[in-house]
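Pasting input-v4.tsv here (TSV, C-alpha atoms):
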```tsv
chain	number	residue	atom	x	y	z
A	8	MET	CA	-2.98	-17.24	15.25
A	9	SER	CA	-4.06	-20.71	14.09
A	10	LEU	CA	-1.69	-23.65	13.63
A	11	PRO	CA	-0.22	-24.33	10.18
A	12	THR	CA	-2.17	-26.86	8.13
A	13	LYS	CA	-0.09	-26.90	4.95
A	14	THR	CA	3.56	-27.16	3.98
A	15	GLY	CA	5.44	-23.86	3.75
A	16	TRP	CA	7.36	-21.17	5.58
A	17	TYR	CA	5.81	-19.56	8.63
A	18	ARG	CA	6.66	-16.96	11.22
A	19	ALA	CA	7.08	-18.62	14.59
A	20	ARG	CA	8.38	-17.87	18.07
A	21	TRP	CA	10.32	-20.58	19.86
A	22	PRO	CA	10.05	-20.95	23.66
A	23	GLN	CA	12.31	-18.62	25.67
A	24	LEU	CA	12.89	-16.38	22.64
A	25	THR	CA	11.39	-12.91	22.27
A	26	THR	CA	12.24	-12.47	18.59
A	27	TRP	CA	10.31	-14.13	15.78
A	28	SER	CA	11.90	-16.72	13.48
A	29	CYS	CA	10.94	-18.15	10.12
A	30	VAL	CA	10.40	-21.91	10.17
A	31	LEU	CA	9.71	-24.59	7.62
A	32	VAL	CA	6.57	-26.66	8.20
A	33	THR	CA	5.90	-29.92	6.43
A	34	VAL	CA	2.71	-31.92	6.22
A	35	THR	CA	3.09	-35.65	5.59
A	36	GLY	CA	-0.20	-37.48	5.73
A	37	SER	CA	-1.70	-36.54	9.07
A	38	VAL	CA	1.64	-35.55	10.61
A	39	VAL	CA	2.54	-31.85	10.66
A	40	SER	CA	6.08	-30.99	11.80
A	41	VAL	CA	8.30	-27.96	12.11
A	42	TYR	CA	12.05	-28.03	11.42
A	43	ASP	CA	14.25	-26.76	14.21
A	44	PRO	CA	17.65	-25.78	12.77
A	45	GLY	CA	19.01	-25.39	16.30
A	46	VAL	CA	18.87	-29.15	16.87
A	47	SER	CA	18.67	-30.17	13.19
A	48	ARG	CA	15.47	-32.20	13.56
A	49	TRP	CA	11.73	-32.08	12.95
A	50	ARG	CA	9.52	-31.35	15.96
A	51	PRO	CA	5.75	-31.26	16.60
A	52	LEU	CA	3.99	-27.94	16.04
A	53	SER	CA	3.17	-27.74	19.74
A	54	ASP	CA	6.88	-27.15	20.47
A	55	VAL	CA	6.50	-23.65	19.05
A	56	ASP	CA	5.24	-21.02	21.51
A	57	GLU	CA	3.46	-18.77	19.03
A	58	TRP	CA	2.57	-19.02	15.34
A	59	GLY	CA	2.49	-16.16	12.87
A	60	PRO	CA	1.28	-15.90	9.28
A	61	CYS	CA	2.31	-18.12	6.37
A	62	ILE	CA	5.07	-16.24	4.52
A	63	ASP	CA	4.18	-17.75	1.12
A	64	ASP	CA	0.60	-16.48	1.54
A	65	MET	CA	1.84	-13.04	2.61
A	66	GLU	CA	4.03	-12.81	-0.47
A	67	ALA	CA	1.08	-13.65	-2.72
A	68	GLU	CA	-1.15	-11.20	-0.84
A	69	VAL	CA	1.32	-8.32	-1.07
A	70	VAL	CA	1.46	-8.68	-4.86
A	71	ILE	CA	-2.35	-8.39	-5.06
A	72	LEU	CA	-2.44	-5.49	-2.58
A	73	ARG	CA	0.31	-3.60	-4.45
A	74	GLY	CA	-1.68	-3.94	-7.67
A	75	TYR	CA	-4.78	-2.67	-5.89
A	76	PHE	CA	-2.78	0.19	-4.38
A	77	VAL	CA	-1.50	1.33	-7.78
A	78	ALA	CA	-4.97	1.06	-9.33
A	79	MET	CA	-6.64	2.94	-6.46
A	80	THR	CA	-4.01	5.69	-6.55
A	81	GLY	CA	-4.77	6.17	-10.25
A	82	ILE	CA	-8.51	6.32	-9.59
A	83	ALA	CA	-7.98	8.79	-6.74
A	84	ASP	CA	-5.80	10.97	-9.00
A	85	ASP	CA	-8.54	10.96	-11.67
A	86	ALA	CA	-11.18	11.84	-9.08
A	87	HIS	CA	-8.92	14.60	-7.77
A	88	ARG	CA	-8.51	15.99	-11.28
A	89	ARG	CA	-12.30	15.83	-11.83
A	90	CYS	CA	-12.89	17.75	-8.58
A	91	GLU	CA	-10.40	20.40	-9.72
A	92	GLU	CA	-12.19	20.66	-13.05
A	93	LEU	CA	-15.56	21.06	-11.32
A	94	ARG	CA	-14.05	23.71	-9.06
A	95	ASP	CA	-12.73	25.57	-12.11
A	96	GLU	CA	-16.13	25.32	-13.82
A	97	LEU	CA	-17.77	26.83	-10.73
A	98	ALA	CA	-15.17	29.57	-10.56
A	99	ALA	CA	-15.74	30.34	-14.27
A	100	LEU	CA	-19.47	30.61	-13.62
A	101	PHE	CA	-18.85	33.08	-10.79
A	102	ASP	CA	-16.61	35.13	-13.03
A	103	GLY	CA	-19.33	35.19	-15.68
A	104	GLY	CA	-22.02	36.08	-13.14
A	105	ASP	CA	-19.94	38.90	-11.66
A	106	ARG	CA	-19.72	40.71	-15.00
B	489	MET	CA	-25.91	34.32	3.98
B	490	THR	CA	-26.88	34.67	0.32
B	491	PRO	CA	-27.11	31.62	-1.99
B	492	ARG	CA	-23.90	32.81	-3.63
B	493	ASP	CA	-22.11	32.98	-0.24
B	494	LYS	CA	-23.36	29.49	0.54
B	495	LEU	CA	-22.06	28.28	-2.78
B	496	ARG	CA	-18.67	29.91	-2.20
B	497	ALA	CA	-18.47	28.37	1.30
B	498	SER	CA	-19.36	24.94	-0.07
B	499	LEU	CA	-16.78	25.34	-2.80
B	500	ARG	CA	-14.09	26.28	-0.27
B	501	ALA	CA	-14.96	23.27	1.91
B	502	ASN	CA	-14.85	20.89	-1.04
B	503	SER	CA	-11.58	22.33	-2.28
B	504	GLU	CA	-10.05	21.93	1.16
B	505	HIS	CA	-11.10	18.28	1.25
B	506	VAL	CA	-9.61	17.68	-2.18
B	507	ARG	CA	-6.36	19.41	-1.19
B	508	GLN	CA	-5.96	16.94	1.66
B	509	TRP	CA	-5.99	13.93	-0.64
B	510	PRO	CA	-2.41	14.08	-1.93
B	511	ASP	CA	-1.02	14.19	1.64
B	512	TRP	CA	-3.13	11.22	2.55
B	513	LEU	CA	-1.94	9.32	-0.50
B	514	ARG	CA	1.69	10.27	0.09
B	515	ALA	CA	1.42	9.02	3.68
B	516	ALA	CA	0.01	5.71	2.46
B	517	ILE	CA	2.77	5.37	-0.12
B	518	SER	CA	5.59	6.11	2.32
B	519	THR	CA	4.12	3.79	4.97
B	520	ALA	CA	3.72	0.97	2.52
B	521	GLY	CA	7.22	1.54	1.08
B	522	VAL	CA	6.01	0.01	-2.15
B	523	PHE	CA	8.02	1.95	-4.67
B	524	ALA	CA	11.58	1.51	-3.43
B	525	PRO	CA	12.90	-1.59	-5.16
B	526	ILE	CA	16.62	-1.99	-5.77
B	527	GLN	CA	17.80	-2.66	-9.29
B	528	LYS	CA	20.95	-4.55	-10.17
B	529	GLY	CA	22.44	-6.26	-13.17
B	530	ASN	CA	21.77	-9.94	-13.64
B	531	GLY	CA	24.97	-10.52	-15.60
B	532	ASN	CA	23.21	-10.60	-18.97
B	533	GLY	CA	23.08	-6.86	-19.45
B	534	ASN	CA	19.52	-6.74	-18.10
B	535	MET	CA	18.37	-4.97	-14.98
B	536	ILE	CA	16.41	-6.99	-12.46
B	537	THR	CA	14.51	-5.67	-9.47
B	538	GLN	CA	15.60	-7.35	-6.29
B	539	SER	CA	15.96	-6.55	-2.60
B	540	ILE	CA	19.47	-6.84	-1.17
B	541	PRO	CA	19.84	-7.36	2.57
B	542	THR	CA	20.83	-4.08	4.18
B	543	LYS	CA	20.06	-4.94	7.80
B	544	SER	CA	19.91	-7.95	10.08
B	545	GLY	CA	16.72	-9.97	9.91
B	546	TRP	CA	14.89	-12.71	8.06
B	547	TYR	CA	14.86	-12.74	4.27
B	548	ARG	CA	13.50	-14.84	1.46
B	549	ALA	CA	16.45	-16.40	-0.36
B	550	ARG	CA	17.19	-19.11	-2.91
B	551	TRP	CA	20.22	-21.34	-2.37
B	552	PRO	CA	22.27	-22.64	-5.34
B	553	GLY	CA	20.80	-25.81	-6.85
B	554	HIS	CA	17.37	-25.15	-5.34
B	555	THR	CA	14.29	-24.01	-7.22
B	556	ARG	CA	12.24	-23.35	-4.09
B	557	TRP	CA	12.65	-20.29	-1.89
B	558	SER	CA	13.82	-20.52	1.71
B	559	CYS	CA	13.78	-18.09	4.59
B	560	VAL	CA	17.21	-17.25	5.97
B	561	SER	CA	18.58	-15.29	8.88
B	562	VAL	CA	20.98	-12.49	7.91
B	563	SER	CA	23.40	-10.90	10.35
B	564	MET	CA	24.97	-7.51	9.70
B	565	THR	CA	27.86	-6.11	11.67
B	566	ASP	CA	30.08	-3.11	10.95
B	567	THR	CA	32.60	-5.34	9.22
B	568	GLU	CA	30.67	-8.17	7.62
B	569	ALA	CA	27.32	-9.45	6.44
B	570	SER	CA	26.53	-13.15	6.64
B	571	VAL	CA	23.69	-15.54	6.09
B	572	TYR	CA	23.07	-18.60	8.25
B	573	ASP	CA	22.87	-21.89	6.38
B	574	PRO	CA	21.06	-24.45	8.54
B	575	GLY	CA	22.07	-27.19	6.08
B	576	VAL	CA	25.72	-26.92	7.18
B	577	SER	CA	25.10	-25.13	10.49
B	578	ARG	CA	27.38	-22.19	9.73
B	579	TRP	CA	27.40	-18.57	8.61
B	580	ARG	CA	28.25	-17.88	4.98
B	581	PRO	CA	28.81	-14.72	2.89
B	582	LEU	CA	25.72	-13.17	1.27
B	583	SER	CA	27.17	-13.93	-2.16
B	584	ASP	CA	26.59	-17.68	-1.54
B	585	VAL	CA	22.87	-17.07	-2.05
B	586	VAL	CA	21.76	-17.20	-5.70
B	587	GLU	CA	18.77	-14.90	-5.38
B	588	TRP	CA	17.52	-12.58	-2.65
B	589	GLY	CA	13.89	-11.85	-1.93
B	590	LEU	CA	12.06	-9.56	0.45
B	591	ASN	CA	12.85	-8.85	4.05
B	592	VAL	CA	10.18	-10.82	5.91
B	593	ASP	CA	9.66	-8.18	8.61
B	594	SER	CA	9.20	-5.47	5.95
B	595	LEU	CA	6.87	-7.80	4.04
B	596	GLN	CA	4.72	-8.26	7.12
B	597	ASN	CA	4.66	-4.48	7.81
B	598	GLU	CA	3.84	-3.76	4.17
B	599	VAL	CA	0.92	-6.20	4.18
B	600	VAL	CA	-0.44	-4.55	7.34
B	601	SER	CA	-0.06	-1.04	5.82
B	602	LEU	CA	-1.64	-2.05	2.52
B	603	ARG	CA	-4.53	-3.75	4.28
B	604	LYS	CA	-5.13	-0.48	6.18
B	605	PHE	CA	-4.91	1.42	2.90
B	606	VAL	CA	-7.50	-0.84	1.25
B	607	SER	CA	-9.77	-0.46	4.25
B	608	ALA	CA	-9.34	3.36	4.32
B	609	GLN	CA	-9.78	3.51	0.54
B	610	GLY	CA	-13.29	2.10	0.90
B	611	ASP	CA	-14.20	4.98	3.24
B	612	CYS	CA	-12.53	7.50	0.94
B	613	ASP	CA	-14.40	6.18	-2.11
B	614	VAL	CA	-17.70	6.88	-0.35
B	615	ALA	CA	-16.50	10.34	0.80
B	616	SER	CA	-15.20	11.34	-2.63
B	617	ALA	CA	-18.37	10.13	-4.34
B	618	LYS	CA	-20.38	12.36	-1.97
B	619	GLU	CA	-18.07	15.32	-2.59
B	620	ASN	CA	-18.37	14.90	-6.34
B	621	ALA	CA	-22.14	14.66	-6.07
B	622	ASN	CA	-22.17	17.83	-3.94
B	623	LEU	CA	-19.99	19.68	-6.44
B	624	ARG	CA	-22.17	18.61	-9.37
B	625	ALA	CA	-25.29	19.73	-7.47
B	626	ASP	CA	-23.60	23.09	-6.71
B	627	LEU	CA	-22.69	23.41	-10.36
B	628	ARG	CA	-26.27	22.77	-11.48
B	629	VAL	CA	-27.65	25.33	-8.98
B	630	ALA	CA	-25.03	27.89	-10.01
B	631	THR	CA	-25.76	27.39	-13.71
B	632	VAL	CA	-29.52	27.86	-13.23
B	633	THR	CA	-29.04	30.86	-10.89
B	634	ILE	CA	-26.70	32.64	-13.26
B	635	ALA	CA	-28.94	31.90	-16.27
B	636	ASN	CA	-31.87	33.44	-14.37
B	637	LEU	CA	-29.77	36.46	-13.38
B	638	ARG	CA	-28.66	36.97	-16.99
B	639	ALA	CA	-32.28	36.70	-18.21
B	640	ALA	CA	-33.31	39.28	-15.59
B	641	VAL	CA	-30.49	41.62	-16.65
B	642	ASP	CA	-31.53	41.22	-20.32
B	643	THR	CA	-35.15	42.01	-19.43
B	644	LEU	CA	-34.12	45.08	-17.43
B	645	THR	CA	-31.85	46.24	-20.24
B	646	THR	CA	-34.74	45.90	-22.71
B	647	ILE	CA	-37.06	47.88	-20.43
B	648	LEU	CA	-34.45	50.61	-19.94
B	649	ASP	CA	-33.82	50.79	-23.69
B	650	LYS	CA	-37.55	51.19	-24.36
B	651	GLY	CA	-37.77	53.87	-21.64
B	652	ALA	CA	-34.83	55.77	-23.11
B	653	ARG	CA	-36.43	55.73	-26.56
```
When written as structure tokens, how does the structure in this file appear?
Amino acid sequence: MSLPTKTGWYRARWPQLTTWSCVLVTVTGSVVSVYDPGVSRWRPLSDVDEWGPCIDDMEAEVVILRGYFVAMTGIADDAHRRCEELRDELAALFDGGDR
Amino acid sequence: MTPRDKLRASLRANSEHVRQWPDWLRAAISTAGVFAPIQKGNGNGNMITQSIPTKSGWYRARWPGHTRWSCVSVSMTDTEASVYDPGVSRWRPLSDVVEWGLNVDSLQNEVVSLRKFVSAQGDCDVASAKENANLRADLRVATVTIANLRAAVDTLTTILDKGAR
């Protein structure tokens, strides 16, 4: 995962810890720092062992994906209904042909 | 296998494919966990949709006097639920937070699930378009075949009628 380049909340893993935290990153000019609540001070990004995704971006993405999900489910339902209709039309034709 | 048998077999296969769709959609819905928001009153008689921490983890939260959202660590034990406030370096009751947002772990899982759904949906769109095209083609063949059969029956009936007269 790439290093943060903009201000916001990120998932991060501090050294010696196995669980992931959420950290605040700030960009001031060319300086990018991460706030460590454990020592109540700002530290360089390199002090974090592993970086995860930007939480603000994830929140925005999930809204878009949920909208897409709802829309696609509706389209799939319509397609399903259309398939059922076609199946019924075929069945009706068989019934007519069997007379 | 007669054309009619082929048509019946094709119809059965298509129907089976269509029957599988709802399960697939249900699985996607339950994995994504999209439709399980919690509603609560906002004090003005209105209902607002909001997640309330129900387990330990990281959550989006808004502290009093702040317009921007933070991420906070929530701890749940059998007896109490608290939120860590790094501003004062202590644990506080959940009620000290003005507004609660999503659980960050769930958010991350949901994004992963939905991304998979979107990716799978692309494949399904192609598959369903093919199935629909196959069904329409079957329908056209069946219509023509049955029209021909009916015409043949009409012709035979006419011949038999003439013979009987």
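Going from atom CA of Val629 of chain B to atom CA of Cys90 of chain A covers 16.6 Å.
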message: Would you pick out the contacts of Thr565 of chain B at 12 Å or less, using only C-alpha atoms, so that residues sharing its chain but fewer than 6 positions from it are not included, and give the list as a list in words?
response: Thr542, Lys543, Ser544, Gly545 and Val571 of chain B
Just to be explicit: take each residue in the selection above, keep C-alpha atoms, and write the result as a compact mmCIF listing (two decimals), in the frame of the given file.
```txt
# COMPACT_ATOMS: atom_id res chain seq x y z
CA THR B 542 20.83 -4.08 4.18
CA LYS B 543 20.06 -4.94 7.80
CA SER B 544 19.91 -7.95 10.08
CA GLY B 545 16.72 -9.97 9.91
CA VAL B 571 23.69 -15.54 6.09
```
- line: In Å and to one decimal, atom CA of Val32 of chain A is distant from atom CA of Tyr17 of chain A by 7.2 Å
query: Which polymer residues have any atom within 7 Å of an atom of segment 591-594 of chain B, counting only C-alpha atoms, with same-chain residues fewer than 4 positions away left out, as a PyMOL selection string?
result: chain B and resi 546-548+598
query: Which distance in Å separates atom CA of Ser28 of chain A and atom CA of Leu582 of chain B, to one decimal?
result: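 According to the coordinates, atom CA of Ser28 of chain A and atom CA of Leu582 of chain B are separated by 18.8 Å.
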query: For chain A, which residues have at least one atom within 8 Å of chain B, if we go by all atoms listed in the file? Write them as a list in words, please.
result: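 Every residue meeting the condition is included here: Trp16, Ser28, Cys29, Val30, Pro44, Ser47, Ile62, Met65, Glu66, Glu68, Val69, Leu72, Arg73, Tyr75, Phe76, Met79, Thr80, Ala86, His87, Cys90, Glu91, Leu93, Arg94, Glu96, Leu97, Leu100 and Gly104 of chain A.
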message: Excluding Gln23 of chain A and its own-chain neighbours fewer than 4 positions away, which residues fall within 12 Å of it when counting only C-alpha atoms? Please give them as JSON, numbers by chain.
response: {"A": [27, 54, 55, 56, 57]}
- request: Would you mind telling me which residue in B:Pro541, B:Val632, B:Val562, B:Ala639 lies nearest to Trp579 of chain B when using only C-alpha atoms?
  value: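 So, comparing all the options, the nearest one is B:Val562.
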Which of A:Ser53, A:Gly36, A:Pro60, A:Ala98 sits closest to Pro22 of chain A [using all atoms listed in the file]: A:Ser53
Padding 5 Å on every side, please: axis-aligned box over the listed atoms of segment 77-95 of chain A, centre and edge lengths to one decimal in Å, as lines of an AutoDock Vina configuration file.
```
center_x = -8.5
center_y = 13.3
center_z = -9.8
size_x = 24.1
size_y = 34.5
size_z = 16.6
```
message: My list of candidates is A:Thr25, A:Leu31, A:Ser9, A:Tyr42. Which is closest to Asp63 of chain A when distances are computed with all atoms listed in the file?
response: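 Ranked by minimum distance to Asp63 of chain A, first place goes to A:Leu31.
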